[in-house]
$ cat input-v5.pdb   # PDB, C-alpha atoms and all ligand atoms
MODEL        1
ATOM      1  CA  MET A 204     -32.683   2.402 -45.299
ATOM      2  CA  LYS A 205     -33.352   4.844 -42.477
ATOM      3  CA  GLN A 206     -30.990   4.625 -39.497
ATOM      4  CA  GLN A 207     -33.669   3.274 -37.139
ATOM      5  CA  ASP A 208     -34.549   0.494 -39.628
ATOM      6  CA  ALA A 209     -30.993  -0.869 -39.850
ATOM      7  CA  PRO A 210     -30.818  -4.473 -38.605
ATOM      8  CA  PRO A 211     -28.837  -4.891 -35.377
ATOM      9  CA  LEU A 212     -25.254  -6.044 -35.916
ATOM     10  CA  ARG A 213     -24.745  -9.698 -35.100
ATOM     11  CA  THR A 214     -22.764 -10.246 -31.965
ATOM     12  CA  ILE A 215     -21.473 -13.314 -30.144
ATOM     13  CA  ARG A 216     -22.233 -13.872 -26.481
ATOM     14  CA  SER A 217     -19.140 -15.940 -25.756
ATOM     15  CA  PHE A 218     -19.190 -15.772 -21.960
ATOM     16  CA  VAL A 219     -21.412 -15.858 -18.918
ATOM     17  CA  ILE A 220     -20.701 -13.263 -16.255
ATOM     18  CA  ARG A 221     -19.279 -14.927 -13.172
ATOM     19  CA  GLU A 222     -17.735 -12.978 -10.337
ATOM     20  CA  GLY A 223     -15.880 -16.106  -9.182
ATOM     21  CA  ARG A 224     -13.538 -16.099  -6.248
ATOM     22  CA  PHE A 225     -12.142 -12.622  -5.789
ATOM     23  CA  THR A 226      -9.290 -12.946  -3.260
ATOM     24  CA  SER A 227      -8.668  -9.958  -1.029
ATOM     25  CA  ALA A 228      -5.275  -9.461  -2.749
ATOM     26  CA  GLN A 229      -6.995  -9.361  -6.157
ATOM     27  CA  LYS A 230      -9.570  -6.899  -4.846
ATOM     28  CA  LYS A 231      -6.841  -4.684  -3.441
ATOM     29  CA  ALA A 232      -4.874  -4.914  -6.697
ATOM     30  CA  PHE A 233      -7.969  -3.835  -8.583
ATOM     31  CA  ALA A 234      -8.441  -0.800  -6.338
ATOM     32  CA  ASP A 235      -4.761   0.228  -6.236
ATOM     33  CA  LEU A 236      -3.485  -0.690  -9.689
ATOM     34  CA  TRP A 237      -6.438  -0.279 -12.042
ATOM     35  CA  PRO A 238      -5.791   3.493 -12.311
ATOM     36  CA  LYS A 239      -2.202   2.741 -13.394
ATOM     37  CA  TYR A 240      -2.708  -0.110 -15.883
ATOM     38  CA  GLY A 241      -6.429  -0.183 -16.658
ATOM     39  CA  ILE A 242      -8.067   1.440 -19.653
ATOM     40  CA  PRO A 243     -11.644   2.381 -18.678
ATOM     41  CA  SER A 244     -13.160   1.528 -22.047
ATOM     42  CA  GLU A 245     -16.629   2.691 -20.983
ATOM     43  CA  ASP A 246     -15.255   6.239 -20.582
ATOM     44  CA  ILE A 247     -13.460   6.517 -23.894
ATOM     45  CA  GLU A 248     -14.921   6.949 -27.311
ATOM     46  CA  THR A 249     -11.999   5.598 -29.323
ATOM     47  CA  LEU A 250      -8.850   3.881 -28.174
ATOM     48  CA  VAL A 251      -5.869   6.171 -28.816
ATOM     49  CA  PRO A 252      -2.838   4.065 -27.853
ATOM     50  CA  ASN A 253      -0.585   7.079 -27.316
ATOM     51  CA  GLU A 254      -2.795   8.164 -24.437
ATOM     52  CA  TRP A 255      -2.170   4.879 -22.624
ATOM     53  CA  PHE A 256       1.393   3.954 -23.569
ATOM     54  CA  ALA A 257       4.583   5.955 -23.266
ATOM     55  CA  ASN A 258       5.470   5.264 -26.909
ATOM     56  CA  SER A 259       3.863   4.220 -30.182
ATOM     57  CA  GLN A 260       5.252   0.687 -30.482
ATOM     58  CA  PRO A 261       3.160  -1.805 -32.496
ATOM     59  CA  LEU A 262       0.142  -3.093 -30.624
ATOM     60  CA  ILE A 263      -0.843  -6.689 -29.824
ATOM     61  CA  LEU A 264      -4.191  -7.801 -28.334
ATOM     62  CA  ASP A 265      -4.508 -10.809 -25.992
ATOM     63  CA  VAL A 266      -8.181 -11.852 -25.958
ATOM     64  CA  GLY A 267      -9.595 -13.524 -22.829
ATOM     65  CA  PHE A 268      -6.301 -13.748 -20.919
ATOM     66  CA  GLY A 269      -7.829 -15.540 -17.898
ATOM     67  CA  SER A 270      -5.420 -15.134 -15.005
ATOM     68  CA  GLY A 271      -2.988 -13.324 -17.285
ATOM     69  CA  ASP A 272       0.091 -15.577 -17.308
ATOM     70  CA  SER A 273       0.168 -15.355 -21.097
ATOM     71  CA  LEU A 274      -0.229 -11.582 -21.170
ATOM     72  CA  VAL A 275       2.603 -11.034 -18.699
ATOM     73  CA  SER A 276       4.859 -13.470 -20.528
ATOM     74  CA  LEU A 277       4.166 -11.761 -23.866
ATOM     75  CA  ALA A 278       5.004  -8.330 -22.466
ATOM     76  CA  GLN A 279       8.243  -9.699 -20.991
ATOM     77  CA  GLN A 280       9.244 -11.426 -24.215
ATOM     78  CA  ARG A 281       8.881  -8.340 -26.413
ATOM     79  CA  PRO A 282       9.466  -5.050 -24.590
ATOM     80  CA  ASP A 283       9.569  -3.459 -28.064
ATOM     81  CA  LEU A 284       5.822  -4.156 -28.547
ATOM     82  CA  ASN A 285       2.817  -2.862 -26.594
ATOM     83  CA  PHE A 286       0.139  -5.261 -25.339
ATOM     84  CA  ILE A 287      -3.511  -4.844 -24.463
ATOM     85  CA  GLY A 288      -5.315  -7.638 -22.660
ATOM     86  CA  VAL A 289      -9.094  -7.817 -22.700
ATOM     87  CA  GLU A 290     -11.024  -9.951 -20.222
ATOM     88  CA  VAL A 291     -14.557 -10.006 -18.814
ATOM     89  CA  TYR A 292     -13.601 -11.977 -15.687
ATOM     90  CA  ARG A 293     -12.756  -9.422 -13.003
ATOM     91  CA  PRO A 294     -10.776 -11.685 -10.595
ATOM     92  CA  GLY A 295      -8.499 -12.467 -13.572
ATOM     93  CA  ILE A 296      -7.923  -8.759 -14.003
ATOM     94  CA  GLY A 297      -7.059  -8.413 -10.309
ATOM     95  CA  ALA A 298      -4.544 -11.247 -10.714
ATOM     96  CA  VAL A 299      -2.876  -9.802 -13.792
ATOM     97  CA  LEU A 300      -2.588  -6.311 -12.300
ATOM     98  CA  GLN A 301      -0.540  -7.767  -9.435
ATOM     99  CA  LYS A 302       1.773  -9.564 -11.873
ATOM    100  CA  ILE A 303       2.254  -6.485 -14.073
ATOM    101  CA  GLU A 304       3.230  -4.428 -11.037
ATOM    102  CA  GLN A 305       5.583  -7.127  -9.678
ATOM    103  CA  GLN A 306       7.349  -7.399 -13.046
ATOM    104  CA  GLU A 307       7.424  -3.601 -13.499
ATOM    105  CA  LEU A 308       6.066  -3.867 -17.020
ATOM    106  CA  ASP A 309       5.278  -0.591 -18.746
ATOM    107  CA  ASN A 310       4.210  -2.053 -22.106
ATOM    108  CA  VAL A 311       0.930  -3.668 -21.041
ATOM    109  CA  ARG A 312      -2.560  -2.295 -20.342
ATOM    110  CA  VAL A 313      -5.777  -4.076 -19.452
ATOM    111  CA  ILE A 314      -9.400  -3.596 -20.482
ATOM    112  CA  ASN A 315     -12.399  -5.071 -18.648
ATOM    113  CA  ALA A 316     -14.873  -5.561 -21.496
ATOM    114  CA  ASP A 317     -16.458  -7.910 -23.973
ATOM    115  CA  VAL A 318     -14.032  -8.116 -26.870
ATOM    116  CA  MET A 319     -16.873  -7.957 -29.409
ATOM    117  CA  GLN A 320     -18.065  -4.596 -28.071
ATOM    118  CA  LEU A 321     -14.536  -3.337 -27.855
ATOM    119  CA  LEU A 322     -13.592  -4.199 -31.417
ATOM    120  CA  ARG A 323     -16.802  -2.784 -32.781
ATOM    121  CA  SER A 324     -17.011   0.491 -30.977
ATOM    122  CA  LYS A 325     -13.570   1.480 -29.675
ATOM    123  CA  PHE A 326     -10.921   0.191 -32.071
ATOM    124  CA  THR A 327     -10.016   2.029 -35.256
ATOM    125  CA  ALA A 328      -9.072   0.303 -38.506
ATOM    126  CA  ASP A 329      -5.545  -1.117 -38.874
ATOM    127  CA  LEU A 330      -4.763  -0.662 -35.174
ATOM    128  CA  LEU A 331      -3.309  -4.074 -34.322
ATOM    129  CA  LEU A 332      -0.240  -5.938 -35.514
ATOM    130  CA  GLY A 333      -1.260  -9.143 -33.792
ATOM    131  CA  VAL A 334      -4.118 -10.891 -31.987
ATOM    132  CA  MET A 335      -3.602 -13.811 -29.608
ATOM    133  CA  LEU A 336      -6.656 -15.932 -28.788
ATOM    134  CA  TRP A 337      -5.431 -18.820 -26.703
ATOM    135  CA  PHE A 338      -7.806 -21.450 -25.350
ATOM    136  CA  PRO A 339     -11.076 -19.598 -25.947
ATOM    137  CA  ASP A 340     -14.047 -21.219 -24.208
ATOM    138  CA  PRO A 341     -14.839 -24.293 -26.365
ATOM    139  CA  TRP A 342     -18.623 -24.363 -25.810
ATOM    140  CA  PRO A 343     -18.761 -28.101 -26.627
ATOM    141  CA  LYS A 344     -22.552 -28.578 -26.846
ATOM    142  CA  THR A 345     -23.990 -28.111 -30.323
ATOM    143  CA  LYS A 346     -26.666 -25.736 -29.054
ATOM    144  CA  HIS A 347     -23.863 -23.496 -27.711
ATOM    145  CA  HIS A 348     -21.714 -23.381 -30.845
ATOM    146  CA  LYS A 349     -23.170 -19.968 -31.603
ATOM    147  CA  ARG A 350     -21.283 -18.748 -28.509
ATOM    148  CA  ARG A 351     -17.876 -19.650 -29.929
ATOM    149  CA  LEU A 352     -15.838 -16.544 -30.606
ATOM    150  CA  VAL A 353     -14.098 -17.797 -33.711
ATOM    151  CA  GLN A 354     -16.769 -17.195 -36.298
ATOM    152  CA  GLU A 355     -17.565 -14.604 -38.915
ATOM    153  CA  ALA A 356     -18.894 -11.703 -36.767
ATOM    154  CA  PHE A 357     -15.676 -11.709 -34.699
ATOM    155  CA  LEU A 358     -13.314 -12.482 -37.561
ATOM    156  CA  GLN A 359     -14.686  -9.706 -39.746
ATOM    157  CA  GLU A 360     -14.032  -7.215 -36.952
ATOM    158  CA  LEU A 361     -10.466  -8.532 -36.781
ATOM    159  CA  VAL A 362     -10.025  -7.979 -40.503
ATOM    160  CA  ARG A 363     -10.977  -4.333 -39.946
ATOM    161  CA  VAL A 364      -8.861  -3.608 -36.844
ATOM    162  CA  MET A 365      -5.759  -5.606 -37.825
ATOM    163  CA  GLN A 366      -3.024  -4.405 -40.123
ATOM    164  CA  SER A 367      -2.407  -6.220 -43.363
ATOM    165  CA  GLN A 368       0.269  -8.901 -42.745
ATOM    166  CA  GLY A 369      -0.766  -8.922 -39.076
ATOM    167  CA  ILE A 370      -0.741 -12.216 -37.181
ATOM    168  CA  LEU A 371      -3.751 -14.039 -35.709
ATOM    169  CA  HIS A 372      -2.624 -16.825 -33.382
ATOM    170  CA  LEU A 373      -5.293 -19.278 -32.196
ATOM    171  CA  ALA A 374      -4.737 -22.210 -29.853
ATOM    172  CA  SER A 375      -7.095 -24.839 -28.493
ATOM    173  CA  ASP A 376      -7.020 -28.261 -26.862
ATOM    174  CA  TRP A 377     -10.579 -29.080 -28.011
ATOM    175  CA  HIS A 378     -10.250 -30.786 -31.369
ATOM    176  CA  PRO A 379     -13.848 -30.163 -32.525
ATOM    177  CA  TYR A 380     -13.295 -26.435 -31.922
ATOM    178  CA  VAL A 381     -10.026 -26.556 -33.893
ATOM    179  CA  LYS A 382     -11.981 -27.985 -36.856
ATOM    180  CA  PHE A 383     -14.639 -25.295 -36.354
ATOM    181  CA  MET A 384     -11.912 -22.608 -36.321
ATOM    182  CA  LEU A 385     -10.383 -23.910 -39.554
ATOM    183  CA  LYS A 386     -13.786 -23.880 -41.226
ATOM    184  CA  HIS A 387     -14.873 -20.423 -40.071
ATOM    185  CA  VAL A 388     -11.539 -18.656 -40.551
ATOM    186  CA  GLY A 389     -11.399 -20.266 -44.009
ATOM    187  CA  LYS A 390     -14.823 -18.818 -44.853
ATOM    188  CA  VAL A 391     -13.653 -15.260 -44.177
ATOM    189  CA  GLY A 392     -10.942 -15.641 -46.778
ATOM    190  CA  ASN A 393      -8.482 -12.963 -45.604
ATOM    191  CA  PHE A 394      -6.483 -15.111 -43.219
ATOM    192  CA  MET A 395      -3.733 -17.293 -44.692
ATOM    193  CA  LEU A 396      -2.800 -20.287 -42.542
ATOM    194  CA  THR A 397       0.972 -20.392 -42.152
ATOM    195  CA  ASP A 398       2.767 -23.714 -41.836
ATOM    196  CA  SER A 399       4.839 -22.285 -39.039
ATOM    197  CA  LEU A 400       4.679 -23.702 -35.547
ATOM    198  CA  LYS A 401       6.459 -20.601 -34.297
ATOM    199  CA  ASN A 402       4.676 -17.287 -34.036
ATOM    200  CA  PRO A 403       6.296 -15.007 -36.670
ATOM    201  CA  LEU A 404       6.229 -12.125 -34.172
ATOM    202  CA  GLN A 405       8.581 -14.209 -31.983
ATOM    203  CA  LEU A 406       5.883 -14.472 -29.349
ATOM    204  CA  ASP A 407       6.093 -17.861 -27.692
ATOM    205  CA  ARG A 408       2.906 -19.159 -26.158
ATOM    206  CA  PRO A 409       3.673 -19.994 -22.507
ATOM    207  CA  PRO A 410       1.883 -23.032 -21.027
ATOM    208  CA  THR A 411      -1.280 -21.469 -19.616
ATOM    209  CA  ARG A 412      -3.495 -22.889 -16.897
ATOM    210  CA  PHE A 413      -6.079 -24.021 -19.469
ATOM    211  CA  GLU A 414      -3.464 -25.699 -21.606
ATOM    212  CA  GLN A 415      -2.102 -27.596 -18.610
ATOM    213  CA  ARG A 416      -5.599 -28.731 -17.674
ATOM    214  CA  GLY A 417      -6.174 -29.947 -21.241
ATOM    215  CA  LEU A 418      -2.886 -31.840 -21.317
ATOM    216  CA  ARG A 419      -3.634 -33.491 -17.967
ATOM    217  CA  ILE A 420      -6.828 -34.993 -19.383
ATOM    218  CA  GLY A 421      -5.078 -36.210 -22.521
ATOM    219  CA  HIS A 422      -6.037 -33.487 -25.009
ATOM    220  CA  LYS A 423      -3.724 -32.517 -27.836
ATOM    221  CA  VAL A 424      -3.027 -28.808 -28.232
ATOM    222  CA  THR A 425      -3.182 -27.246 -31.694
ATOM    223  CA  ASP A 426      -1.850 -23.828 -32.704
ATOM    224  CA  LEU A 427      -3.242 -22.164 -35.818
ATOM    225  CA  ILE A 428      -1.161 -19.195 -36.959
ATOM    226  CA  TYR A 429      -2.619 -16.986 -39.679
ATOM    227  CA  LYS A 430      -1.331 -13.994 -41.618
ATOM    228  CA  LEU A 431      -3.909 -11.399 -42.638
ATOM    229  CA  GLN A 432      -4.084 -10.190 -46.215
ATOM    230  CA  LYS A 433      -6.309  -7.290 -47.079
TER     231      LYS A 433
HETATM  232  C1  LIG A 501     -10.880 -20.852 -21.254
HETATM  233  S1  LIG A 501     -10.380 -19.291 -20.672
HETATM  234  C2  LIG A 501      -8.724 -19.160 -21.286
HETATM  235  C3  LIG A 501      -7.875 -18.164 -20.547
HETATM  236  C4  LIG A 501      -6.439 -17.980 -21.028
HETATM  237  N1  LIG A 501      -6.385 -17.526 -22.410
HETATM  238  C5  LIG A 501      -5.651 -19.246 -20.836
HETATM  239  O1  LIG A 501      -5.221 -19.855 -21.830
HETATM  240  O2  LIG A 501      -5.412 -19.633 -19.665
HETATM  241  C6  LIG A 501     -11.270 -18.180 -21.723
HETATM  242  C7  LIG A 501     -11.321 -16.765 -21.164
HETATM  243  O3  LIG A 501     -11.915 -15.917 -22.130
HETATM  244  C8  LIG A 501     -12.726 -14.961 -21.448
HETATM  245  N2  LIG A 501     -13.727 -14.464 -22.412
HETATM  246  C9  LIG A 501     -14.707 -15.174 -23.013
HETATM  247  N3  LIG A 501     -15.416 -14.425 -23.858
HETATM  248  C10 LIG A 501     -14.870 -13.173 -23.787
HETATM  249  C11 LIG A 501     -15.204 -11.939 -24.414
HETATM  250  N4  LIG A 501     -16.210 -11.846 -25.283
HETATM  251  N5  LIG A 501     -14.469 -10.848 -24.122
HETATM  252  C12 LIG A 501     -13.430 -10.946 -23.228
HETATM  253  N6  LIG A 501     -13.076 -12.089 -22.600
HETATM  254  C13 LIG A 501     -13.802 -13.190 -22.879
HETATM  255  C14 LIG A 501     -13.317 -15.746 -20.298
HETATM  256  O4  LIG A 501     -13.751 -14.908 -19.239
HETATM  257  C15 LIG A 501     -12.152 -16.654 -19.905
HETATM  258  O5  LIG A 501     -11.368 -16.082 -18.880
ENDMDL
END
$ encode --input "input-v5.pdb" --output "structure tokens" --more "lines below"
Ligand SMILES: C[S@@+](CC[C@H](N)C(=O)[O-])C[C@H]1O[C@@H](n2cnc3c(N)ncnc32)[C@H](O)[C@@H]1O
Amino acid sequence: MKQQDAPPLRTIRSFVIREGRFTSAQKKAFADLWPKYGIPSEDIETLVPNEWFANSQPLILDVGFGSGDSLVSLAQQRPDLNFIGVEVYRPGIGAVLQKIEQQELDNVRVINADVMQLLRSKFTADLLLGVMLWFPDPWPKTKHHKRRLVQEAFLQELVRVMQSQGILHLASDWHPYVKFMLKHVGKVGNFMLTDSLKNPLQLDRPPTRFEQRGLRIGHKVTDLIYKLQK
């Protein structure tokens, strides 16, 4: 097949762009701290971690970190690992930059991008030891299920960019999405569900804003922790 005839790769549009409330502190953090902790993915061809971190510690990705409480907690828990957070929501990035600076963390960097694009075009094979995807948008309506991140197009990219024996940690308070996750991760076949409630990388999931909201309205939170075999 000639290059121009190749079918477009399937992607997942898992978000709608919303600028939201950008506080002046978040705006200022973006301007002052982005050069220090941000990775301008649009300007790089391939992510070379050594260019962004002071050392070559194993790398963990936090997908859709929201306001970043989880990302900051992860980086504090394991200073011997490096963390990249990816988020499309810019006020969230402003918020996390402030927290990273306050905590003087040097093992965390942030990317403002769609994770699907990032995995596909910027990440090399076997790059990541772990991927945390906590409380992804549940897209409850049936007509929106195609927007859920946890399905084959995303998972197959993870198989490529994660190391064998790497950890994929999913969490959700929306039971129908948990069932959907089990089904779609099962279809890919490379991820083995562990029976552990503890993340084998000793990364505890802190109570995030979305988890607390779920608990307040009576939802049960489920963690699914998988080990990749390839
Ligand atoms: C429900 S929130 C959860 C935030 C956080 N993980 C927590 O537990 O508080 C989902 C987040 O994922 C982000 N998101 C959705 N699709 C994304 C994508 N394709 N790439 C990067 N971030 C995405 C959204 O902007 C949103 O902030």
$ closest_residue --input "input-v5.pdb" --among "A:Arg312, A:Arg281, A:Lys239, A:His348" --to "A:Phe218" --atoms "all atoms listed in the file"
A:His348
$ residues_near_ligand --input "input-v5.pdb" --ligand "ligand LIG 501 (chain A)" --cutoff "9 Å" --atoms "only C-alpha atoms and all ligand atoms" --output "ChimeraX atom specification"
/A:215-221,265-274,288-293,295,314-321,335-341,350-352,374-375,409-415
$ write_last_selection --input "input-v5.pdb" --atoms "C-alpha atoms" --output "mmCIF file, in the coordinates of the input"
data_model
loop_
_atom_site.group_PDB
_atom_site.id
_atom_site.type_symbol
_atom_site.label_atom_id
_atom_site.label_comp_id
_atom_site.auth_asym_id
_atom_site.auth_seq_id
_atom_site.Cartn_x
_atom_site.Cartn_y
_atom_site.Cartn_z
ATOM 1 C CA ILE A 215 -21.473 -13.314 -30.144
ATOM 2 C CA ARG A 216 -22.233 -13.872 -26.481
ATOM 3 C CA SER A 217 -19.140 -15.940 -25.756
ATOM 4 C CA PHE A 218 -19.190 -15.772 -21.960
ATOM 5 C CA VAL A 219 -21.412 -15.858 -18.918
ATOM 6 C CA ILE A 220 -20.701 -13.263 -16.255
ATOM 7 C CA ARG A 221 -19.279 -14.927 -13.172
ATOM 8 C CA ASP A 265 -4.508 -10.809 -25.992
ATOM 9 C CA VAL A 266 -8.181 -11.852 -25.958
ATOM 10 C CA GLY A 267 -9.595 -13.524 -22.829
ATOM 11 C CA PHE A 268 -6.301 -13.748 -20.919
ATOM 12 C CA GLY A 269 -7.829 -15.540 -17.898
ATOM 13 C CA SER A 270 -5.420 -15.134 -15.005
ATOM 14 C CA GLY A 271 -2.988 -13.324 -17.285
ATOM 15 C CA ASP A 272 0.091 -15.577 -17.308
ATOM 16 C CA SER A 273 0.168 -15.355 -21.097
ATOM 17 C CA LEU A 274 -0.229 -11.582 -21.170
ATOM 18 C CA GLY A 288 -5.315 -7.638 -22.660
ATOM 19 C CA VAL A 289 -9.094 -7.817 -22.700
ATOM 20 C CA GLU A 290 -11.024 -9.951 -20.222
ATOM 21 C CA VAL A 291 -14.557 -10.006 -18.814
ATOM 22 C CA TYR A 292 -13.601 -11.977 -15.687
ATOM 23 C CA ARG A 293 -12.756 -9.422 -13.003
ATOM 24 C CA GLY A 295 -8.499 -12.467 -13.572
ATOM 25 C CA ILE A 314 -9.400 -3.596 -20.482
ATOM 26 C CA ASN A 315 -12.399 -5.071 -18.648
ATOM 27 C CA ALA A 316 -14.873 -5.561 -21.496
ATOM 28 C CA ASP A 317 -16.458 -7.910 -23.973
ATOM 29 C CA VAL A 318 -14.032 -8.116 -26.870
ATOM 30 C CA MET A 319 -16.873 -7.957 -29.409
ATOM 31 C CA GLN A 320 -18.065 -4.596 -28.071
ATOM 32 C CA LEU A 321 -14.536 -3.337 -27.855
ATOM 33 C CA MET A 335 -3.602 -13.811 -29.608
ATOM 34 C CA LEU A 336 -6.656 -15.932 -28.788
ATOM 35 C CA TRP A 337 -5.431 -18.820 -26.703
ATOM 36 C CA PHE A 338 -7.806 -21.450 -25.350
ATOM 37 C CA PRO A 339 -11.076 -19.598 -25.947
ATOM 38 C CA ASP A 340 -14.047 -21.219 -24.208
ATOM 39 C CA PRO A 341 -14.839 -24.293 -26.365
ATOM 40 C CA ARG A 350 -21.283 -18.748 -28.509
ATOM 41 C CA ARG A 351 -17.876 -19.650 -29.929
ATOM 42 C CA LEU A 352 -15.838 -16.544 -30.606
ATOM 43 C CA ALA A 374 -4.737 -22.210 -29.853
ATOM 44 C CA SER A 375 -7.095 -24.839 -28.493
ATOM 45 C CA PRO A 409 3.673 -19.994 -22.507
ATOM 46 C CA PRO A 410 1.883 -23.032 -21.027
ATOM 47 C CA THR A 411 -1.280 -21.469 -19.616
ATOM 48 C CA ARG A 412 -3.495 -22.889 -16.897
ATOM 49 C CA PHE A 413 -6.079 -24.021 -19.469
ATOM 50 C CA GLU A 414 -3.464 -25.699 -21.606
ATOM 51 C CA GLN A 415 -2.102 -27.596 -18.610
#
$ closest_residue --input "input-v5.pdb" --among "A:Ser367, A:Leu300, A:Val353, A:Pro403" --to "A:Met384" --atoms "all atoms listed in the file"
A:Val353
$ resolve_selection --input "input-v5.pdb" --expression "the PyMOL selection byres (((chain A and resi 279) around 12) and not hetatm)" --output "list in words"
Asp272, Ser273, Leu274, Val275, Ser276, Leu277, Ala278, Gln280, Arg281, Pro282, Asp283, Leu284, Asn285, Phe286, Lys302, Ile303, Gln305, Gln306, Glu307, Leu308, Asp309, Asn310, Val311, Gln405, Leu406, Asp407 and Pro409 of chain A
$ residues_around --input "input-v5.pdb" --residues "stretch 245-249 of chain A" --least-positions-apart "4" --cutoff "8 Å" --atoms "all atoms listed in the file" --output "PDB file with C-alpha atoms, in the coordinates of the input"
ATOM      1  CA  SER A 324     -17.011   0.491 -30.977  1.00  0.00           C
ATOM      2  CA  LYS A 325     -13.570   1.480 -29.675  1.00  0.00           C
ATOM      3  CA  PHE A 326     -10.921   0.191 -32.071  1.00  0.00           C
ATOM      4  CA  THR A 327     -10.016   2.029 -35.256  1.00  0.00           C
TER       5      THR A 327
END
$ closest_residue --input "input-v5.pdb" --among "A:Gln432, A:Arg419, A:His378, A:Asp426" --to "A:Val391" --atoms "only C-alpha atoms"
A:Gln432
$ residues_around --input "input-v5.pdb" --residues "A:Ala328" --least-positions-apart "5" --cutoff "8 Å" --atoms "all atoms listed in the file" --output "PyMOL selection string"
chain A and resi 363-366
$ atom_distance --input "input-v5.pdb" --atom1 "atom CA of A:Pro379" --atom2 "atom CA of A:Leu358"
18.4 Å
$ closest_residue --input "input-v5.pdb" --among "A:Leu361, A:Leu385, A:Val313, A:Ala234" --to "A:Leu427" --atoms "all atoms listed in the file"
A:Leu385
$ closest_residue --input "input-v5.pdb" --among "A:Val251, A:Val424, A:Leu431, A:Leu330" --to "A:Leu400" --atoms "all atoms listed in the file"
A:Val424
$ atom_distance --input "input-v5.pdb" --atom1 "atom CA of A:Leu418" --atom2 "atom CA of A:Lys430"
27.1 Å
$ residues_around --input "input-v5.pdb" --residues "A:Leu236" --least-positions-apart "4" --cutoff "8 Å" --atoms "all atoms listed in the file" --output "JSON, numbers by chain"
{"A": [232, 240, 241, 300, 301, 304]}
$ atom_distance --input "input-v5.pdb" --atom1 "atom CA of A:Phe394" --atom2 "atom CA of A:Pro261"
19.6 Å
$ resolve_selection --input "input-v5.pdb" --expression "the PyMOL selection byres (((chain A and resi 429) around 6) and not hetatm)" --output "ChimeraX atom specification"
/A:370-371,394-397,428,430
$ residues_around --input "input-v5.pdb" --residues "A:Asp376" --least-positions-apart "3" --cutoff "6 Å" --atoms "only C-alpha atoms" --output "ChimeraX atom specification"
/A:417,422-424
$ closest_residue --input "input-v5.pdb" --among "A:Trp377, A:Trp255, A:Gly333, A:Leu404" --to "A:Gly421" --atoms "all atoms listed in the file"
A:Trp377
$ axis_aligned_box --input "input-v5.pdb" --around "stretch 277-295 of chain A" --padding-each-side "5 Å" --output "lines of an AutoDock Vina configuration file"
center_x = -2.5
center_y = -7.7
center_z = -19.6
size_x = 34.1
size_y = 19.6
size_z = 28.0
$ build_atoms --input "input-v5.pdb" --residues "stretch 337-348 of chain A" --atoms "N, CA and C atoms" --output "PDB file, in the coordinates of the input"
ATOM      1  N   TRP A 337      -5.937 -17.531 -27.170  1.00  0.00           N
ATOM      2  CA  TRP A 337      -5.431 -18.820 -26.703  1.00  0.00           C
ATOM      3  C   TRP A 337      -6.437 -19.468 -25.763  1.00  0.00           C
ATOM      4  N   PHE A 338      -6.850 -20.658 -26.132  1.00  0.00           N
ATOM      5  CA  PHE A 338      -7.806 -21.450 -25.350  1.00  0.00           C
ATOM      6  C   PHE A 338      -9.108 -20.698 -25.082  1.00  0.00           C
ATOM      7  N   PRO A 339      -9.753 -20.199 -26.140  1.00  0.00           N
ATOM      8  CA  PRO A 339     -11.076 -19.598 -25.947  1.00  0.00           C
ATOM      9  C   PRO A 339     -12.043 -20.676 -25.456  1.00  0.00           C
ATOM     10  N   ASP A 340     -13.081 -20.254 -24.738  1.00  0.00           N
ATOM     11  CA  ASP A 340     -14.047 -21.219 -24.208  1.00  0.00           C
ATOM     12  C   ASP A 340     -14.576 -22.079 -25.359  1.00  0.00           C
ATOM     13  N   PRO A 341     -14.518 -23.426 -25.220  1.00  0.00           N
ATOM     14  CA  PRO A 341     -14.839 -24.293 -26.365  1.00  0.00           C
ATOM     15  C   PRO A 341     -16.324 -24.484 -26.626  1.00  0.00           C
ATOM     16  N   TRP A 342     -17.179 -24.192 -25.647  1.00  0.00           N
ATOM     17  CA  TRP A 342     -18.623 -24.363 -25.810  1.00  0.00           C
ATOM     18  C   TRP A 342     -18.922 -25.661 -26.568  1.00  0.00           C
ATOM     19  N   PRO A 343     -18.693 -26.821 -25.913  1.00  0.00           N
ATOM     20  CA  PRO A 343     -18.761 -28.101 -26.627  1.00  0.00           C
ATOM     21  C   PRO A 343     -20.144 -28.526 -27.115  1.00  0.00           C
ATOM     22  N   LYS A 344     -21.231 -28.103 -26.417  1.00  0.00           N
ATOM     23  CA  LYS A 344     -22.552 -28.578 -26.846  1.00  0.00           C
ATOM     24  C   LYS A 344     -22.969 -27.902 -28.148  1.00  0.00           C
ATOM     25  N   THR A 345     -23.597 -28.660 -29.018  1.00  0.00           N
ATOM     26  CA  THR A 345     -23.990 -28.111 -30.323  1.00  0.00           C
ATOM     27  C   THR A 345     -24.853 -26.859 -30.167  1.00  0.00           C
ATOM     28  N   LYS A 346     -25.765 -26.893 -29.195  1.00  0.00           N
ATOM     29  CA  LYS A 346     -26.666 -25.736 -29.054  1.00  0.00           C
ATOM     30  C   LYS A 346     -25.912 -24.476 -28.602  1.00  0.00           C
ATOM     31  N   HIS A 347     -24.663 -24.652 -28.140  1.00  0.00           N
ATOM     32  CA  HIS A 347     -23.863 -23.496 -27.711  1.00  0.00           C
ATOM     33  C   HIS A 347     -22.823 -23.070 -28.743  1.00  0.00           C
ATOM     34  N   HIS A 348     -22.764 -23.736 -29.880  1.00  0.00           N
ATOM     35  CA  HIS A 348     -21.714 -23.381 -30.845  1.00  0.00           C
ATOM     36  C   HIS A 348     -21.806 -21.923 -31.267  1.00  0.00           C
TER      37      HIS A 348
END
